[in-house]
Amino acid sequence: MKLQADNAEGVNLISSYTPQMVTINGQPWTTSVLLPASGEVQAWHAAAFEDLTAAHFEALAVLQPELVIFGSGGRLRFPRPAFLRPLIERRIGIETMDTGAACRTYNILVSEGRKVAAALLFEQPTHERERIAPAA
């Protein structure tokens, strides 16, 4: 699904999304990704929903957004509340939705000038999970 035609100066935008990948600023990503409104887009070392830990959400808190949009994959799944503590302690809001909805919502919020970050989960097949390093 194509989402955005143009890239605003200095803002990270999602231009398309499929269940297997997202295109951000013209670059395709097939693994999970951390996407701040501006700044460096980076790999999010989460190969499966079941592998998520508080450290994954700490990586989001370091970005210091006002709001985090968590795309939980192909279906809506909520992370354990204890995993969200790094965000809660910094008074950072979090919204959880499937990854497609997260992509659309992120683009809307960023176009409004909101200080938002997205964590988009793209689960890897079991045989590829060993190649993805765990979160630090």
# chains A, B, ... in the order shown; residues from 1 in each chain; ligands from 1
call {"tool": "residues_around", "arguments": {"residues": "Leu120 of chain A", "least_positions_apart": "6", "cutoff": "7 Å", "atoms": "only C-alpha atoms", "output": "list in words"}}
result
Ser32, Val33, Leu34, Phe70, Gly71, Ser72 and Thr99 of chain A
call {"tool": "residues_around", "arguments": {"residues": "Thr18 of chain A", "least_positions_apart": "5", "cutoff": "12 Å", "atoms": "only C-alpha atoms", "output": "ChimeraX atom specification"}}
result
/A:1-3,23,28-30,73-74,98-101,103-104,120,122
call {"tool": "closest_residue", "arguments": {"among": "A:Ile108, A:Leu87, A:Gly39, A:Pro19", "to": "Glu66 of chain A", "atoms": "only C-alpha atoms"}}
result
A:Leu87
call {"tool": "select_by_dssp", "arguments": {"residues": "segment 32-99 of chain A", "states": "strand (DSSP E or B)", "output": "PyMOL selection string"}}
result
chain A and resi 33-36+42-43+67-71+93-97
call {"tool": "select_by_dssp", "arguments": {"residues": "chain A", "states": "alpha helix (DSSP H)", "output": "ChimeraX atom specification"}}
result
/A:54-61,85-89,99-111,126-129
call {"tool": "write_last_selection", "arguments": {"atoms": "N, CA and C atoms", "output": "PDB file, in the first residue's frame"}}
result
ATOM      1  N   ALA A  54      11.904  -5.370  27.956  1.00  0.00           N
ATOM      2  CA  ALA A  54      11.948  -3.953  28.338  1.00  0.00           C
ATOM      3  C   ALA A  54      13.073  -3.225  27.599  1.00  0.00           C
ATOM      4  N   ALA A  55      14.151  -3.913  27.283  1.00  0.00           N
ATOM      5  CA  ALA A  55      15.276  -3.286  26.567  1.00  0.00           C
ATOM      6  C   ALA A  55      14.854  -2.783  25.192  1.00  0.00           C
ATOM      7  N   HIS A  56      13.941  -3.466  24.534  1.00  0.00           N
ATOM      8  CA  HIS A  56      13.446  -3.004  23.240  1.00  0.00           C
ATOM      9  C   HIS A  56      12.736  -1.657  23.377  1.00  0.00           C
ATOM     10  N   PHE A  57      11.994  -1.488  24.462  1.00  0.00           N
ATOM     11  CA  PHE A  57      11.265  -0.240  24.664  1.00  0.00           C
ATOM     12  C   PHE A  57      12.167   0.845  25.255  1.00  0.00           C
ATOM     13  N   GLU A  58      13.240   0.448  25.918  1.00  0.00           N
ATOM     14  CA  GLU A  58      14.248   1.408  26.375  1.00  0.00           C
ATOM     15  C   GLU A  58      14.881   2.091  25.161  1.00  0.00           C
ATOM     16  N   ALA A  59      15.113   1.338  24.095  1.00  0.00           N
ATOM     17  CA  ALA A  59      15.682   1.923  22.874  1.00  0.00           C
ATOM     18  C   ALA A  59      14.766   3.010  22.315  1.00  0.00           C
ATOM     19  N   LEU A  60      13.472   2.863  22.487  1.00  0.00           N
ATOM     20  CA  LEU A  60      12.520   3.889  22.064  1.00  0.00           C
ATOM     21  C   LEU A  60      12.567   5.096  22.983  1.00  0.00           C
ATOM     22  N   ALA A  61      12.661   4.852  24.270  1.00  0.00           N
ATOM     23  CA  ALA A  61      12.684   5.942  25.251  1.00  0.00           C
ATOM     24  C   ALA A  61      13.878   6.854  25.021  1.00  0.00           C
ATOM     25  N   ARG A  85       7.702   0.050  31.027  1.00  0.00           N
ATOM     26  CA  ARG A  85       8.185   0.891  32.123  1.00  0.00           C
ATOM     27  C   ARG A  85       9.160   1.972  31.681  1.00  0.00           C
ATOM     28  N   PRO A  86      10.139   1.685  30.778  1.00  0.00           N
ATOM     29  CA  PRO A  86      11.053   2.759  30.351  1.00  0.00           C
ATOM     30  C   PRO A  86      10.320   3.953  29.736  1.00  0.00           C
ATOM     31  N   LEU A  87       9.218   3.695  29.054  1.00  0.00           N
ATOM     32  CA  LEU A  87       8.427   4.780  28.470  1.00  0.00           C
ATOM     33  C   LEU A  87       7.588   5.478  29.528  1.00  0.00           C
ATOM     34  N   ILE A  88       6.935   4.699  30.354  1.00  0.00           N
ATOM     35  CA  ILE A  88       6.055   5.254  31.392  1.00  0.00           C
ATOM     36  C   ILE A  88       6.839   6.137  32.350  1.00  0.00           C
ATOM     37  N   GLU A  89       8.022   5.691  32.755  1.00  0.00           N
ATOM     38  CA  GLU A  89       8.830   6.475  33.695  1.00  0.00           C
ATOM     39  C   GLU A  89       9.240   7.829  33.123  1.00  0.00           C
ATOM     40  N   THR A  99       0.848  -3.322  12.420  1.00  0.00           N
ATOM     41  CA  THR A  99       1.895  -2.534  11.773  1.00  0.00           C
ATOM     42  C   THR A  99       1.364  -1.671  10.630  1.00  0.00           C
ATOM     43  N   GLY A 100       0.405  -2.152   9.866  1.00  0.00           N
ATOM     44  CA  GLY A 100      -0.175  -1.333   8.796  1.00  0.00           C
ATOM     45  C   GLY A 100      -0.817  -0.073   9.345  1.00  0.00           C
ATOM     46  N   ALA A 101      -1.621  -0.196  10.381  1.00  0.00           N
ATOM     47  CA  ALA A 101      -2.259   0.956  11.012  1.00  0.00           C
ATOM     48  C   ALA A 101      -1.208   1.878  11.628  1.00  0.00           C
ATOM     49  N   ALA A 102      -0.149   1.290  12.187  1.00  0.00           N
ATOM     50  CA  ALA A 102       0.921   2.093  12.780  1.00  0.00           C
ATOM     51  C   ALA A 102       1.608   2.951  11.722  1.00  0.00           C
ATOM     52  N   CYS A 103       1.821   2.404  10.538  1.00  0.00           N
ATOM     53  CA  CYS A 103       2.445   3.170   9.450  1.00  0.00           C
ATOM     54  C   CYS A 103       1.578   4.365   9.065  1.00  0.00           C
ATOM     55  N   ARG A 104       0.291   4.141   8.900  1.00  0.00           N
ATOM     56  CA  ARG A 104      -0.615   5.226   8.522  1.00  0.00           C
ATOM     57  C   ARG A 104      -0.685   6.287   9.615  1.00  0.00           C
ATOM     58  N   THR A 105      -0.810   5.846  10.862  1.00  0.00           N
ATOM     59  CA  THR A 105      -0.922   6.777  11.990  1.00  0.00           C
ATOM     60  C   THR A 105       0.358   7.587  12.158  1.00  0.00           C
ATOM     61  N   TYR A 106       1.507   6.935  12.041  1.00  0.00           N
ATOM     62  CA  TYR A 106       2.784   7.632  12.152  1.00  0.00           C
ATOM     63  C   TYR A 106       2.848   8.778  11.138  1.00  0.00           C
ATOM     64  N   ASN A 107       2.532   8.498   9.860  1.00  0.00           N
ATOM     65  CA  ASN A 107       2.615   9.539   8.830  1.00  0.00           C
ATOM     66  C   ASN A 107       1.697  10.711   9.141  1.00  0.00           C
ATOM     67  N   ILE A 108       0.504  10.441   9.630  1.00  0.00           N
ATOM     68  CA  ILE A 108      -0.427  11.520   9.979  1.00  0.00           C
ATOM     69  C   ILE A 108       0.170  12.386  11.086  1.00  0.00           C
ATOM     70  N   LEU A 109       0.657  11.751  12.141  1.00  0.00           N
ATOM     71  CA  LEU A 109       1.192  12.504  13.280  1.00  0.00           C
ATOM     72  C   LEU A 109       2.435  13.298  12.905  1.00  0.00           C
ATOM     73  N   VAL A 110       3.305  12.706  12.115  1.00  0.00           N
ATOM     74  CA  VAL A 110       4.527  13.415  11.727  1.00  0.00           C
ATOM     75  C   VAL A 110       4.179  14.604  10.815  1.00  0.00           C
ATOM     76  N   SER A 111       3.155  14.455   9.978  1.00  0.00           N
ATOM     77  CA  SER A 111       2.759  15.565   9.107  1.00  0.00           C
ATOM     78  C   SER A 111       2.138  16.707   9.906  1.00  0.00           C
ATOM     79  N   THR A 126      11.518 -18.349  11.524  1.00  0.00           N
ATOM     80  CA  THR A 126      12.318 -18.965  12.585  1.00  0.00           C
ATOM     81  C   THR A 126      13.765 -19.199  12.160  1.00  0.00           C
ATOM     82  N   HIS A 127      14.009 -19.652  10.946  1.00  0.00           N
ATOM     83  CA  HIS A 127      15.378 -19.948  10.509  1.00  0.00           C
ATOM     84  C   HIS A 127      16.231 -18.690  10.362  1.00  0.00           C
ATOM     85  N   GLU A 128      15.613 -17.510  10.266  1.00  0.00           N
ATOM     86  CA  GLU A 128      16.383 -16.268  10.149  1.00  0.00           C
ATOM     87  C   GLU A 128      16.572 -15.569  11.493  1.00  0.00           C
ATOM     88  N   ARG A 129      15.854 -15.970  12.511  1.00  0.00           N
ATOM     89  CA  ARG A 129      15.921 -15.289  13.804  1.00  0.00           C
ATOM     90  C   ARG A 129      17.291 -15.356  14.445  1.00  0.00           C
TER      91      ARG A 129
END
call {"tool": "decode", "arguments": {"residues": "segment 91-104 of chain A", "atoms": "N, CA and C atoms", "output": "JSON list (two decimals), in the first residue's frame"}}
result
[["chain", "number", "residue", "atom", "x", "y", "z"],
["A", 91, "ARG", "N", 7.27, 9.46, 31.01],
["A", 91, "ARG", "CA", 5.99, 10.08, 30.63],
["A", 91, "ARG", "C", 5.83, 10.17, 29.11],
["A", 92, "ILE", "N", 6.25, 9.10, 28.44],
["A", 92, "ILE", "CA", 6.10, 8.99, 26.99],
["A", 92, "ILE", "C", 4.87, 8.11, 26.73],
["A", 93, "GLY", "N", 3.94, 8.63, 25.94],
["A", 93, "GLY", "CA", 2.75, 7.87, 25.61],
["A", 93, "GLY", "C", 3.06, 6.76, 24.63],
["A", 94, "ILE", "N", 2.23, 5.71, 24.63],
["A", 94, "ILE", "CA", 2.39, 4.62, 23.67],
["A", 94, "ILE", "C", 1.02, 4.17, 23.19],
["A", 95, "GLU", "N", 0.93, 3.97, 21.89],
["A", 95, "GLU", "CA", -0.27, 3.42, 21.26],
["A", 95, "GLU", "C", 0.14, 2.17, 20.51],
["A", 96, "THR", "N", -0.63, 1.11, 20.68],
["A", 96, "THR", "CA", -0.34, -0.16, 20.03],
["A", 96, "THR", "C", -1.39, -0.43, 18.97],
["A", 97, "MET", "N", -0.93, -0.86, 17.81],
["A", 97, "MET", "CA", -1.83, -1.22, 16.71],
["A", 97, "MET", "C", -1.09, -2.17, 15.78],
["A", 98, "ASP", "N", -1.80, -2.78, 14.83],
["A", 98, "ASP", "CA", -1.08, -3.63, 13.88],
["A", 98, "ASP", "C", -0.14, -2.73, 13.06],
["A", 99, "THR", "N", 0.85, -3.32, 12.42],
["A", 99, "THR", "CA", 1.89, -2.53, 11.77],
["A", 99, "THR", "C", 1.36, -1.67, 10.63],
["A", 100, "GLY", "N", 0.40, -2.15, 9.87],
["A", 100, "GLY", "CA", -0.17, -1.33, 8.80],
["A", 100, "GLY", "C", -0.82, -0.07, 9.34],
["A", 101, "ALA", "N", -1.62, -0.20, 10.38],
["A", 101, "ALA", "CA", -2.26, 0.96, 11.01],
["A", 101, "ALA", "C", -1.21, 1.88, 11.63],
["A", 102, "ALA", "N", -0.15, 1.29, 12.19],
["A", 102, "ALA", "CA", 0.92, 2.09, 12.78],
["A", 102, "ALA", "C", 1.61, 2.95, 11.72],
["A", 103, "CYS", "N", 1.82, 2.40, 10.54],
["A", 103, "CYS", "CA", 2.45, 3.17, 9.45],
["A", 103, "CYS", "C", 1.58, 4.36, 9.06],
["A", 104, "ARG", "N", 0.29, 4.14, 8.90],
["A", 104, "ARG", "CA", -0.61, 5.23, 8.52],
["A", 104, "ARG", "C", -0.69, 6.29, 9.62]]
